[in-house]
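Enquirer: The following file, query00.cif, comprises mmCIF, C-alpha atoms:
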data_final
loop_
_atom_site.label_atom_id
_atom_site.label_comp_id
_atom_site.auth_asym_id
_atom_site.auth_seq_id
_atom_site.Cartn_x
_atom_site.Cartn_y
_atom_site.Cartn_z
CA MET L 1 19.35 2.09 -16.45
CA SER L 2 17.09 -0.88 -16.93
CA SER L 3 13.47 -0.67 -15.91
CA LYS L 4 14.10 -3.56 -13.53
CA LYS L 5 16.60 -1.46 -11.59
CA ALA L 6 14.51 1.65 -11.81
CA THR L 7 11.46 0.05 -10.28
CA GLY L 8 13.46 -1.96 -7.82
CA ARG L 9 11.75 -5.15 -9.03
CA HIS L 10 13.43 -8.50 -8.73
CA SER L 11 13.88 -11.15 -11.38
CA THR L 12 11.54 -14.13 -11.18
CA SER L 13 14.15 -16.26 -9.45
CA GLY L 14 15.07 -13.39 -7.12
CA LYS L 15 11.43 -12.92 -6.22
CA SER L 16 11.06 -16.64 -5.73
CA LYS L 17 14.05 -16.64 -3.35
CA LEU L 18 12.47 -13.80 -1.40
CA ASN L 19 9.18 -15.66 -1.21
CA GLU L 20 11.03 -18.73 -0.01
CA SER L 21 12.64 -16.58 2.69
CA LEU L 22 9.17 -15.34 3.59
CA SER L 23 7.95 -18.91 3.92
CA ALA L 24 10.96 -19.80 6.07
CA LEU L 25 10.42 -16.68 8.18
CA MET L 26 6.88 -17.80 8.84
CA ASP L 27 8.23 -21.07 10.25
CA GLY L 28 10.93 -19.31 12.24
CA GLU L 29 13.60 -20.84 10.01
CA ALA L 30 14.93 -17.73 8.25
CA THR L 31 18.23 -16.07 9.01
CA GLU L 32 18.57 -12.52 10.31
CA PHE L 33 19.84 -11.52 6.86
CA GLU L 34 16.72 -12.96 5.20
CA LEU L 35 14.51 -11.16 7.70
CA ARG L 36 16.11 -7.84 6.78
CA ARG L 37 15.74 -8.56 3.07
CA VAL L 38 12.08 -9.44 3.49
CA LEU L 39 11.42 -6.26 5.48
CA LYS L 40 13.20 -4.22 2.85
CA GLU L 41 11.04 -5.79 0.18
CA CYS L 42 7.90 -5.19 2.27
CA ALA L 43 8.74 -1.50 2.21
CA SER L 44 8.68 -1.37 -1.58
CA ASP L 45 6.25 -4.09 -2.55
CA PRO L 46 2.91 -4.49 -0.74
CA ALA L 47 2.47 -7.86 -2.47
CA MET L 48 5.01 -9.26 -0.03
CA LYS L 49 2.80 -8.50 2.95
CA GLU L 50 -0.24 -9.81 1.09
CA LYS L 51 1.55 -13.10 0.57
CA TRP L 52 2.61 -13.18 4.22
CA GLU L 53 -1.03 -12.66 5.18
CA ARG L 54 -2.28 -15.41 2.86
CA TYR L 55 0.35 -17.85 4.12
CA HIS L 56 -0.87 -17.19 7.66
CA MET L 57 -4.44 -17.39 6.54
CA LEU L 58 -3.76 -20.89 5.25
CA SER L 59 -2.06 -21.77 8.49
CA ALA L 60 -5.01 -20.39 10.46
CA HIS L 61 -7.31 -22.44 8.28
CA PHE L 62 -5.39 -25.62 9.12
CA ARG L 63 -5.49 -24.74 12.80
CA GLY L 64 -9.23 -24.29 12.47
CA ASP L 65 -9.56 -20.67 13.54
CA SER L 66 -10.23 -18.94 10.27
CA GLN L 67 -13.63 -19.98 9.02
CA PHE L 68 -15.40 -16.66 9.11
CA ARG L 69 -12.25 -14.74 8.33
CA MET L 70 -11.53 -16.73 5.19
CA SER L 71 -15.02 -16.11 3.89
CA ALA L 72 -14.74 -12.36 4.32
CA PRO L 73 -14.59 -10.66 0.95
CA THR L 74 -12.36 -7.86 2.26
CA VAL L 75 -9.55 -10.21 3.00
CA SER L 76 -7.16 -8.73 0.46
CA LEU L 77 -4.40 -6.84 2.21
CA ASN L 78 -5.03 -3.71 0.17
CA GLU L 79 -8.35 -3.61 1.96
CA ASN L 80 -7.13 -4.92 5.30
CA LYS L 81 -9.31 -2.82 7.55
CA LEU L 82 -7.48 -3.92 10.65
CA LEU L 83 -4.06 -2.79 9.44
CA ASP L 84 -5.49 0.43 7.98
CA GLY L 85 -7.28 1.15 11.24
CA ILE L 86 -4.11 0.61 13.26
CA HIS L 87 -2.07 2.84 10.95
CA GLY L 88 -4.77 5.50 10.94
CA GLN L 89 -5.09 5.56 14.73
CA LEU L 90 -1.35 5.63 15.37
CA ALA L 91 -0.91 8.38 12.77
CA LYS L 92 -3.64 10.37 14.52
CA GLU L 93 -1.71 10.02 17.76
CA GLY L 94 1.36 11.36 15.99
CA VAL L 95 3.39 8.16 16.26
CA LYS L 96 6.44 8.43 14.03
CA GLY L 97 6.52 6.29 10.93
CA PHE L 98 2.74 6.04 10.59
CA SER L 99 1.23 8.34 8.06
CA GLY L 100 -2.37 7.18 8.09
CA PRO L 101 -3.93 4.21 6.32
CA ARG L 102 -1.33 2.37 4.30
CA LYS L 103 -1.56 3.72 0.80
CA SER L 104 1.79 5.45 0.33
CA THR L 105 4.05 2.56 1.25
CA ALA L 106 7.07 4.27 -0.32
CA SER L 107 6.89 7.32 1.93
CA GLY L 108 6.27 5.09 4.90
CA SER L 109 9.36 3.13 4.14
CA SER L 110 11.50 6.22 3.64
CA GLN L 111 10.34 7.52 7.00
CA ALA L 112 11.17 4.24 8.58
CA ALA L 113 14.52 4.18 6.82
CA SER L 114 15.40 7.69 7.89
CA LYS L 115 14.43 6.87 11.47
CA GLN L 116 16.50 3.73 11.26
CA ASN L 117 19.45 5.69 9.89
CA SER L 118 19.22 8.24 12.66
CA SER L 119 19.01 5.54 15.31
CA ASN L 120 22.01 3.82 13.70
CA LEU L 121 23.89 7.10 13.81
CA PHE L 122 22.96 7.56 17.46
CA PHE L 123 24.08 4.03 18.13
CA ARG L 124 27.45 4.63 16.44
CA LEU L 125 27.97 7.92 18.27
CA GLY L 126 27.17 6.20 21.54
CA GLN L 127 29.63 3.44 20.73
CA GLY L 128 32.31 6.00 19.91
CA ALA L 129 31.78 7.89 23.14
CA ILE L 130 31.94 4.70 25.17
CA ALA L 131 35.06 3.52 23.35
CA ALA L 132 36.77 6.88 23.94
CA SER L 133 35.81 6.83 27.60
CA VAL L 134 37.07 3.28 28.00
CA ALA L 135 40.37 4.19 26.38
CA PHE L 136 40.67 7.21 28.64
CA THR L 137 39.94 5.18 31.75
CA VAL L 138 42.45 2.53 30.73
CA MET L 139 45.04 5.27 30.30
CA ILE L 140 44.35 6.63 33.79
CA GLY L 141 44.51 3.15 35.27
CA THR L 142 47.79 2.50 33.47
CA GLN L 143 49.27 5.70 34.79
CA VAL L 144 48.36 4.75 38.32
CA LEU L 145 49.91 1.34 37.93
CA ASN L 146 53.01 2.78 36.33
CA ASN L 147 53.48 5.25 39.12
CA SER L 148 53.33 2.53 41.70
CA ASN L 149 55.62 0.31 39.68
CA SER L 150 58.18 3.02 39.08
CA SER L 151 58.51 3.58 42.77
CA GLN L 152 59.32 -0.10 42.99
CA SER L 153 61.85 -0.53 40.21
CA GLY L 154 62.87 3.05 39.53
CA ALA L 155 62.95 2.32 35.79
CA PRO L 156 59.56 2.99 34.19
CA GLU L 157 58.92 1.72 30.67
CA LEU L 158 55.80 3.63 29.87
CA ALA L 159 55.13 2.43 26.33
CA GLU L 160 55.58 -1.19 27.17
CA GLN L 161 53.60 -0.94 30.37
CA SER L 162 50.68 0.82 28.79
CA SER L 163 50.22 -1.85 26.18
CA ALA L 164 50.46 -4.56 28.78
CA SER L 165 47.93 -3.05 31.18
CA VAL L 166 44.27 -3.88 30.80
CA MET L 167 41.30 -2.71 32.79
CA GLU L 168 38.09 -4.58 32.79
CA PHE L 169 34.92 -3.13 34.20
CA ASN L 170 31.24 -3.57 34.27
CA ASP L 171 29.77 -1.67 31.31
CA ASN L 172 26.55 -0.86 33.07
CA TYR L 173 26.99 2.91 32.97
CA SER L 174 25.41 5.68 31.03
CA PRO L 175 27.52 7.78 28.65
CA THR L 176 27.28 10.75 31.05
CA GLU L 177 29.19 8.76 33.63
CA PHE L 178 31.90 8.10 31.09
CA ASN L 179 32.24 11.76 30.28
CA ARG L 180 33.28 12.66 33.80
CA VAL L 181 36.96 13.42 34.09
CA PRO L 182 38.41 11.48 37.00
CA GLN L 183 40.82 13.34 39.29
CA LEU L 184 43.78 11.23 40.31
CA ASN L 185 44.25 10.63 43.99
CA PRO L 186 47.84 11.73 44.79
CA GLU L 187 48.02 9.15 47.55
CA LEU L 188 47.97 6.44 44.94
CA ALA L 189 51.46 7.36 43.83
CA ASP L 190 52.74 6.34 47.25
CA VAL L 191 51.76 2.75 46.89
CA GLN L 192 54.95 0.86 47.70
CA ASP L 193 54.19 -2.59 46.44
CA LEU L 194 51.41 -4.32 44.58
CA ASN L 195 50.47 -6.85 47.11
CA GLU L 196 46.82 -7.89 47.28
CA ALA L 197 45.76 -5.25 49.78
CA ALA L 198 47.38 -2.49 47.80
CA ARG L 199 45.85 -3.76 44.59
CA ASP L 200 42.47 -3.78 46.25
CA ARG L 201 42.95 -0.21 47.43
CA LEU L 202 44.04 0.74 43.96
CA ARG L 203 40.98 -0.85 42.39
CA ARG L 204 38.69 0.93 44.82
CA ALA L 205 40.38 4.24 44.30
CA VAL L 206 40.25 3.94 40.52
CA TYR L 207 36.64 2.90 40.71
CA GLN L 208 35.77 5.79 43.03
CA GLU L 209 37.47 8.20 40.68
CA PHE L 210 35.66 6.55 37.84
CA ILE L 211 32.19 6.92 39.29
CA GLY L 212 33.07 10.36 40.62
CA GLU L 213 31.69 9.85 44.10
CA GLU L 214 33.53 9.70 47.37
CA GLN L 215 32.24 7.00 49.66
CA GLU L 216 33.49 5.43 52.86
CA SER L 217 33.16 1.97 51.45
CA VAL L 218 32.55 1.27 47.86
CA GLU L 219 31.20 -1.94 46.42
CA LEU L 220 33.06 -2.88 43.29
CA PRO L 221 31.27 -4.30 40.28
CA VAL L 222 32.08 -7.96 39.81
CA ASN L 223 34.05 -7.42 36.62
CA PHE L 224 35.97 -4.39 37.74
CA SER L 225 39.62 -5.29 37.97
CA VAL L 226 43.02 -3.85 37.18
CA THR L 227 45.39 -6.43 35.78
CA ARG L 228 48.83 -6.35 34.32
CA GLU L 229 50.07 -9.03 32.04
CA ALA L 230 53.66 -8.19 32.93
CA GLU L 231 52.95 -8.84 36.54
CA ALA L 232 51.06 -12.04 35.80
CA GLY L 233 54.13 -13.34 33.99
CA GLN L 234 56.39 -12.89 37.03
CA MET R 1 7.37 -22.98 18.68
CA ALA R 2 10.71 -21.81 20.05
CA LYS R 3 11.76 -20.81 16.55
CA ILE R 4 8.58 -18.82 15.99
CA LYS R 5 9.30 -17.09 19.30
CA GLU R 6 12.76 -16.21 18.01
CA THR R 7 11.36 -14.76 14.77
CA ASP R 8 8.87 -12.69 16.75
CA LYS R 9 11.70 -11.42 18.90
CA GLN R 10 13.63 -10.41 15.79
CA LEU R 11 10.58 -8.63 14.41
CA VAL R 12 10.06 -6.81 17.71
CA GLN R 13 13.70 -5.71 17.63
CA GLN R 14 13.15 -4.36 14.13
CA VAL R 15 10.15 -2.38 15.41
CA PHE R 16 12.39 -0.94 18.13
CA LYS R 17 14.72 0.19 15.35
CA GLY R 18 11.85 2.08 13.77
CA ASN R 19 10.84 -0.44 11.12
CA ASN R 20 7.06 -0.39 11.20
CA HIS R 21 6.81 -2.98 8.45
CA ALA R 22 8.01 -5.46 11.07
CA PHE R 23 5.02 -4.47 13.21
CA ASP R 24 2.72 -4.99 10.22
CA LEU R 25 4.08 -8.51 9.84
CA LEU R 26 3.36 -9.19 13.52
CA VAL R 27 -0.19 -7.89 13.11
CA LEU R 28 -0.76 -10.00 10.01
CA ARG R 29 0.72 -13.04 11.73
CA TYR R 30 -1.53 -12.85 14.79
CA GLN R 31 -4.68 -11.12 13.54
CA HIS R 32 -6.60 -14.35 13.06
CA ARG R 33 -5.74 -15.76 16.45
CA ILE R 34 -6.45 -12.50 18.23
CA LEU R 35 -9.73 -12.05 16.41
CA THR R 36 -10.76 -15.59 17.26
CA LEU R 37 -9.80 -15.06 20.89
CA VAL R 38 -11.61 -11.72 21.15
CA SER R 39 -14.65 -13.29 19.48
CA ARG R 40 -14.98 -15.62 22.44
CA PHE R 41 -15.81 -12.57 24.55
CA ILE R 42 -17.53 -10.38 22.01
CA ARG R 43 -19.97 -12.09 19.71
CA ASP R 44 -20.66 -9.18 17.41
CA GLN R 45 -18.10 -9.48 14.62
CA SER R 46 -17.64 -5.79 13.80
CA GLU R 47 -17.33 -4.99 17.51
CA ALA R 48 -14.79 -7.79 17.87
CA GLU R 49 -12.81 -6.36 14.96
CA ASP R 50 -12.73 -2.94 16.63
CA VAL R 51 -11.47 -4.49 19.86
CA CYS R 52 -8.91 -6.46 17.86
CA GLN R 53 -7.63 -3.18 16.41
CA GLU R 54 -7.44 -1.73 19.91
CA VAL R 55 -5.43 -4.75 21.04
CA PHE R 56 -2.75 -4.16 18.44
CA ILE R 57 -2.63 -0.42 19.09
CA LYS R 58 -2.21 -1.09 22.82
CA ALA R 59 0.47 -3.64 22.01
CA TYR R 60 2.34 -1.12 19.86
CA ARG R 61 2.22 1.48 22.62
CA ALA R 62 3.32 -1.05 25.24
CA LEU R 63 6.02 -2.59 23.08
CA PRO R 64 8.87 -0.66 24.78
CA LYS R 65 7.86 -2.47 27.99
CA PHE R 66 8.06 -5.86 26.31
CA ARG R 67 11.27 -7.41 27.65
CA GLY R 68 11.09 -10.65 25.73
CA GLU R 69 10.91 -12.74 28.91
CA SER R 70 7.72 -14.37 27.69
CA ALA R 71 6.82 -15.17 24.11
CA PHE R 72 5.41 -12.26 22.12
CA TYR R 73 2.14 -14.07 21.42
CA THR R 74 1.62 -14.88 25.13
CA TRP R 75 2.13 -11.22 25.91
CA LEU R 76 -0.22 -10.25 23.10
CA TYR R 77 -2.88 -12.72 24.24
CA ARG R 78 -2.82 -11.17 27.70
CA ILE R 79 -3.40 -7.74 26.21
CA ALA R 80 -6.21 -9.17 24.08
CA ILE R 81 -7.96 -10.81 27.03
CA ASN R 82 -7.68 -7.68 29.20
CA THR R 83 -8.87 -5.43 26.40
CA ALA R 84 -11.83 -7.67 25.61
CA LYS R 85 -12.80 -7.90 29.30
CA ASN R 86 -12.47 -4.13 29.74
CA HIS R 87 -14.62 -3.66 26.69
CA MET R 88 -17.28 -5.91 28.21
CA VAL R 89 -17.17 -3.97 31.48
CA THR R 90 -17.49 -0.69 29.62
CA LYS R 91 -20.44 -2.06 27.79
CA SER R 92 -21.79 -3.28 31.15
CA ARG R 93 -21.82 -6.84 30.09
CA ARG R 94 -20.43 -9.67 32.06
CA PRO R 95 -17.49 -11.41 30.35
CA PRO R 96 -18.25 -15.03 29.57
CA GLY R 97 -16.58 -17.02 32.35
CA THR R 98 -14.25 -15.55 34.91
CA ASP R 99 -11.05 -16.66 33.24
CA VAL R 100 -9.97 -17.80 29.87
CA ASP R 101 -7.14 -20.28 29.86
CA LEU R 102 -4.45 -19.15 27.44
CA GLY R 103 -4.11 -22.73 26.30
CA ASP R 104 -7.73 -22.71 25.16
CA SER R 105 -7.00 -19.97 22.70
CA GLU R 106 -4.65 -22.20 20.73
CA LEU R 107 -7.51 -24.22 19.28
CA PRO R 108 -10.60 -22.22 20.03
CA GLU R 109 -14.06 -23.27 19.03
CA LEU R 110 -15.94 -20.80 16.96
CA PRO R 111 -18.85 -19.17 18.67
CA GLU R 112 -21.95 -20.69 17.12
CA GLU R 113 -23.48 -17.30 16.49
CA LEU R 114 -20.66 -16.40 14.14
CA VAL R 115 -21.29 -19.39 11.97
CA ASP R 116 -25.06 -19.05 12.19
CA ASN R 117 -24.99 -15.36 11.43
CA ALA R 118 -22.90 -15.81 8.32
CA SER R 119 -24.79 -15.12 5.15
CA PRO R 120 -25.68 -18.13 2.98
CA GLU R 121 -23.21 -16.81 0.38
CA ALA R 122 -20.44 -16.60 2.96
CA THR R 123 -21.19 -20.08 4.27
CA LEU R 124 -21.18 -21.40 0.74
CA SER R 125 -17.91 -19.67 -0.10
CA THR R 126 -16.29 -20.92 3.11
CA GLY R 127 -17.29 -24.45 2.20
CA GLU R 128 -16.09 -23.93 -1.35
CA LEU R 129 -12.78 -22.63 -0.14
CA GLN R 130 -12.30 -25.55 2.22
CA ASP R 131 -13.01 -27.94 -0.63
CA LEU R 132 -10.58 -26.09 -2.84
CA ILE R 133 -7.82 -26.20 -0.23
CA ASN R 134 -8.40 -29.88 0.51
CA LYS R 135 -8.36 -30.68 -3.21
CA ALA R 136 -5.21 -28.58 -3.65
CA ILE R 137 -3.44 -30.52 -0.89
CA GLU R 138 -4.44 -33.81 -2.52
CA ASP R 139 -3.10 -32.60 -5.85
CA LEU R 140 0.32 -31.75 -4.44
CA PRO R 141 3.19 -34.07 -5.36
CA GLU R 142 3.77 -36.48 -2.51
CA ASP R 143 7.10 -35.08 -1.31
CA LEU R 144 5.65 -31.57 -1.11
CA ARG R 145 2.52 -32.79 0.61
CA THR R 146 4.48 -34.76 3.20
CA ALA R 147 6.84 -31.89 4.05
CA PHE R 148 3.96 -29.40 4.22
CA THR R 149 1.75 -31.68 6.31
CA LEU R 150 4.53 -32.40 8.79
CA ARG R 151 5.12 -28.67 9.13
CA GLU R 152 1.56 -27.32 9.23
CA PHE R 153 -0.27 -30.15 10.95
CA GLY R 154 2.55 -31.76 12.88
CA GLY R 155 4.24 -28.49 13.81
CA LEU R 156 7.66 -30.07 13.24
CA SER R 157 10.78 -28.03 12.67
CA TYR R 158 12.70 -28.25 9.38
CA GLU R 159 15.41 -30.21 11.16
CA GLU R 160 12.90 -32.80 12.38
CA ILE R 161 11.32 -33.06 8.93
CA THR R 162 14.80 -33.51 7.48
CA GLU R 163 15.30 -36.55 9.69
CA ILE R 164 11.94 -38.05 8.80
CA MET R 165 12.22 -37.45 5.06
CA ASP R 166 15.93 -38.18 4.94
CA CYS R 167 16.84 -35.21 2.78
CA PRO R 168 18.81 -31.97 3.24
CA VAL R 169 17.22 -29.13 5.16
CA GLY R 170 17.35 -26.94 2.05
CA THR R 171 15.16 -29.45 0.25
CA VAL R 172 12.65 -29.45 3.09
CA ARG R 173 12.56 -25.69 3.09
CA SER R 174 12.04 -25.60 -0.67
CA ARG R 175 9.30 -28.26 -0.59
CA ILE R 176 7.35 -26.44 2.10
CA PHE R 177 7.67 -23.20 0.19
CA ARG R 178 6.52 -24.79 -3.09
CA ALA R 179 3.54 -26.38 -1.35
CA ARG R 180 2.58 -23.03 0.14
CA GLU R 181 2.95 -21.34 -3.22
CA ALA R 182 0.72 -23.95 -4.85
CA LEU R 183 -1.97 -23.44 -2.22
CA ASP R 184 -1.54 -19.69 -2.39
CA ASN R 185 -2.15 -19.84 -6.14
CA VAL R 186 -5.43 -21.56 -5.34
CA ILE R 187 -6.71 -19.24 -2.61
CA ARG R 188 -5.51 -15.92 -4.05
CA PRO R 189 -7.75 -15.96 -7.13
CA PHE R 190 -10.63 -17.22 -4.99
CA LEU R 191 -10.26 -14.34 -2.54
CA GLU R 192 -10.03 -11.91 -5.43
CA GLY R 193 -13.07 -13.40 -7.10
CA GLU R 194 -11.18 -14.99 -9.97
CA GLU R 195 -11.08 -18.54 -11.27
CA PRO R 196 -8.69 -20.59 -9.06
CA GLU R 197 -5.76 -22.56 -10.46
CA GLN R 198 -5.15 -26.27 -10.06
CA ALA R 199 -2.54 -26.75 -7.31
CA GLY R 200 -0.74 -29.48 -9.22
CA ALA R 201 -0.66 -27.32 -12.33
CA SER R 202 0.95 -24.43 -10.50
CA VAL R 203 3.62 -26.71 -9.06
CA ASN R 204 4.35 -28.02 -12.55
CA GLU R 205 4.61 -24.46 -13.83
CA HIS R 206 6.99 -23.70 -11.02
CA GLU R 207 9.11 -26.72 -11.90
CA LYS R 208 9.25 -25.63 -15.55
CA SER R 209 10.38 -22.13 -14.66
CA LYS R 210 13.25 -23.45 -12.53
#
Show the structure stored in the file as structure tokens.
Expert:
Amino acid sequence: MSSKKATGRHSTSGKSKLNESLSALMDGEATEFELRRVLKECASDPAMKEKWERYHMLSAHFRGDSQFRMSAPTVSLNENKLLDGIHGQLAKEGVKGFSGPRKSTASGSSQAASKQNSSNLFFRLGQGAIAASVAFTVMIGTQVLNNSNSSQSGAPELAEQSSASVMEFNDNYSPTEFNRVPQLNPELADVQDLNEAARDRLRRAVYQEFIGEEQESVELPVNFSVTREAEAGQ
Amino acid sequence: MAKIKETDKQLVQQVFKGNNHAFDLLVLRYQHRILTLVSRFIRDQSEAEDVCQEVFIKAYRALPKFRGESAFYTWLYRIAINTAKNHMVTKSRRPPGTDVDLGDSELPELPEELVDNASPEATLSTGELQDLINKAIEDLPEDLRTAFTLREFGGLSYEEITEIMDCPVGTVRSRIFRAREALDNVIRPFLEGEEPEQAGASVNEHEKSK
């Protein structure tokens, strides 16, 4: 393994690209990808933050608000009292990711990375749970529609119907709501035709089952609808 | 300014994801402005620095409440003003003026005391540094100087500079970066107590290495 890889250092042109990204980031002209690369580099190389500070110092100088700051001899980031003070105080308060004044940048970054990984994992798990719940709800909705349709035609085509049926709903629910198992209302099977009134009743019933609360009148979310492509094609 | 707002928003989102380096970048970006603003209330520099630290700590704690409806710096300025005023009340001093207009903090005047209280060495070095920076800007190749000036003094976006200079946006971006690097090569040694480079020389070195 080369020493370059081992230390995680970049080639001169790679470093220059990163510095250019840093400059663009300062002007709000960097991409999200560049931002992530810069932050990653900040975690391993304190020089990146020093440069960021000096770029801003120059900018502050041109704006005219840096006279006494620029003359301060402790302006080097390694001795940035402000940042050290903030890190020290937040570490004292037990805030995650802050381990006192910034000396061990590597451990700080690994903490941040592990926190980021865990939050990513949580995010993925949450996505999975929501996706599963959505699929389940779509299945229930499809069943309801199929039941009503079969009473109409007497020839259900479950596979075809299920792929053609789509439910849309407002996604403003917590995962606990999704985990509730809806109980089907047997009355729904008696729906004779899918005229507008019946469809409305169906939507309300599915929604009531979905939120798990029985109410006299229920206000549907704007996006909550039960549609069937097959029906739309008729 | 809208683009800066967007970058701040992205940095805040990264802090939400647990990346504290993003918070460091926000601190380093706004430390000068916040310190200047706080100094308008609190004349003692070391006291002002302590309050400045408190401002950022409060901002970090309050960050989950930041919804991004206003710009991050506006939000931060509000925290700074409140913290400085509270500090004055705690110290039983009356804050200077009842209100500070946020707009004023964009181009604040330095409290005279700060300049007067600076040691002769500090005043000298500030003057030296200003001369160095001005000289470094003069030494920049014209295309770099134009792009940099339009950006830093004019506050124009890369797209606007592209139109004025009639060149691709990548070229503008590169010119601004090279100008910054040249100036950085001048101020870094100065701040570290070393002999500064010639800005033009560092640009030429950069060109050679490309």
Enquirer: Point out the residue among R:Leu63, R:Leu37, R:Ile57, R:Ala136 with the least atom-to-atom distance to chain L, counting all atoms listed in the file.
Expert: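 Among the listed residues, the smallest separation from chain L belongs to R:Ile57.
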Enquirer: Under the rule of at most 6 Å, produce a per-residue listing of chain R near chain L: chain, number, name, the closest pair of atoms, and the distance in Å, as a Markdown table, using all atoms listed in the file.
Expert:
| residue | atom | partner | partner_atom | distance |
| --- | --- | --- | --- | --- |
| R:Lys3 | CA | L:Gly28 | CA | 4.6 |
| R:Ile4 | CA | L:Gly28 | CA | 4.5 |
| R:Thr7 | CA | L:Gly28 | CA | 5.2 |
| R:Lys17 | CA | L:Gln116 | CA | 5.7 |
| R:Gly18 | CA | L:Gln116 | CA | 5.5 |
| R:Asn19 | CA | L:Ala112 | CA | 5.3 |
| R:Leu28 | CA | L:Glu53 | CA | 5.5 |
| R:Gln53 | CA | L:Leu82 | CA | 5.8 |
| R:Ala122 | CA | L:Ser71 | CA | 5.5 |
| R:Thr126 | CA | L:Ser71 | CA | 5.0 |
| R:Phe177 | CA | L:Glu20 | CA | 5.6 |
Enquirer: Excluding Glu138 in chain R and residues on its chain fewer than 2 positions from it, collect all residues at most 12 Å away from it, counting only C-alpha atoms, and give them as a list in words.
Expert: Asp131, Leu132, Ile133, Asn134, Lys135, Ala136, Leu140, Pro141, Glu142, Asp143, Leu144, Arg145, Thr146, Phe148, Thr149, Ala179, Ala182, Leu183, Gln198, Ala199 and Gly200 of chain R
Enquirer: Mind dumping the selected residues with C-alpha atoms as a tab-separated table (two decimals), in the coordinates of the input?
Expert:
chain	number	residue	atom	x	y	z
R	131	ASP	CA	-13.01	-27.94	-0.63
R	132	LEU	CA	-10.58	-26.09	-2.84
R	133	ILE	CA	-7.82	-26.20	-0.23
R	134	ASN	CA	-8.40	-29.88	0.51
R	135	LYS	CA	-8.36	-30.68	-3.21
R	136	ALA	CA	-5.21	-28.58	-3.65
R	140	LEU	CA	0.32	-31.75	-4.44
R	141	PRO	CA	3.19	-34.07	-5.36
R	142	GLU	CA	3.77	-36.48	-2.51
R	143	ASP	CA	7.10	-35.08	-1.31
R	144	LEU	CA	5.65	-31.57	-1.11
R	145	ARG	CA	2.52	-32.79	0.61
R	146	THR	CA	4.48	-34.76	3.20
R	148	PHE	CA	3.96	-29.40	4.22
R	149	THR	CA	1.75	-31.68	6.31
R	179	ALA	CA	3.54	-26.38	-1.35
R	182	ALA	CA	0.72	-23.95	-4.85
R	183	LEU	CA	-1.97	-23.44	-2.22
R	198	GLN	CA	-5.15	-26.27	-10.06
R	199	ALA	CA	-2.54	-26.75	-7.31
R	200	GLY	CA	-0.74	-29.48	-9.22
Enquirer: Could you jot down the CA of Tyr60 in chain R to CA of Lys85 in chain R separation for me, Å, one decimal place?
Expert: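 Going from CA of Tyr60 in chain R over to CA of Lys85 in chain R, I get 19.1 Å.
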Enquirer: What separation in Å, quoted to one decimal, exists between CA of Asn185 in chain R and CA of Gln130 in chain R?
Expert: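 CA of Asn185 in chain R sits 14.3 Å away from CA of Gln130 in chain R.
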Enquirer: For CA of Lys58 in chain R and CA of Ile79 in chain R, quote the distance in Å rounded to one decimal.
Expert: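 Interatomic distance, CA of Lys58 in chain R to CA of Ile79 in chain R: 7.6 Å.
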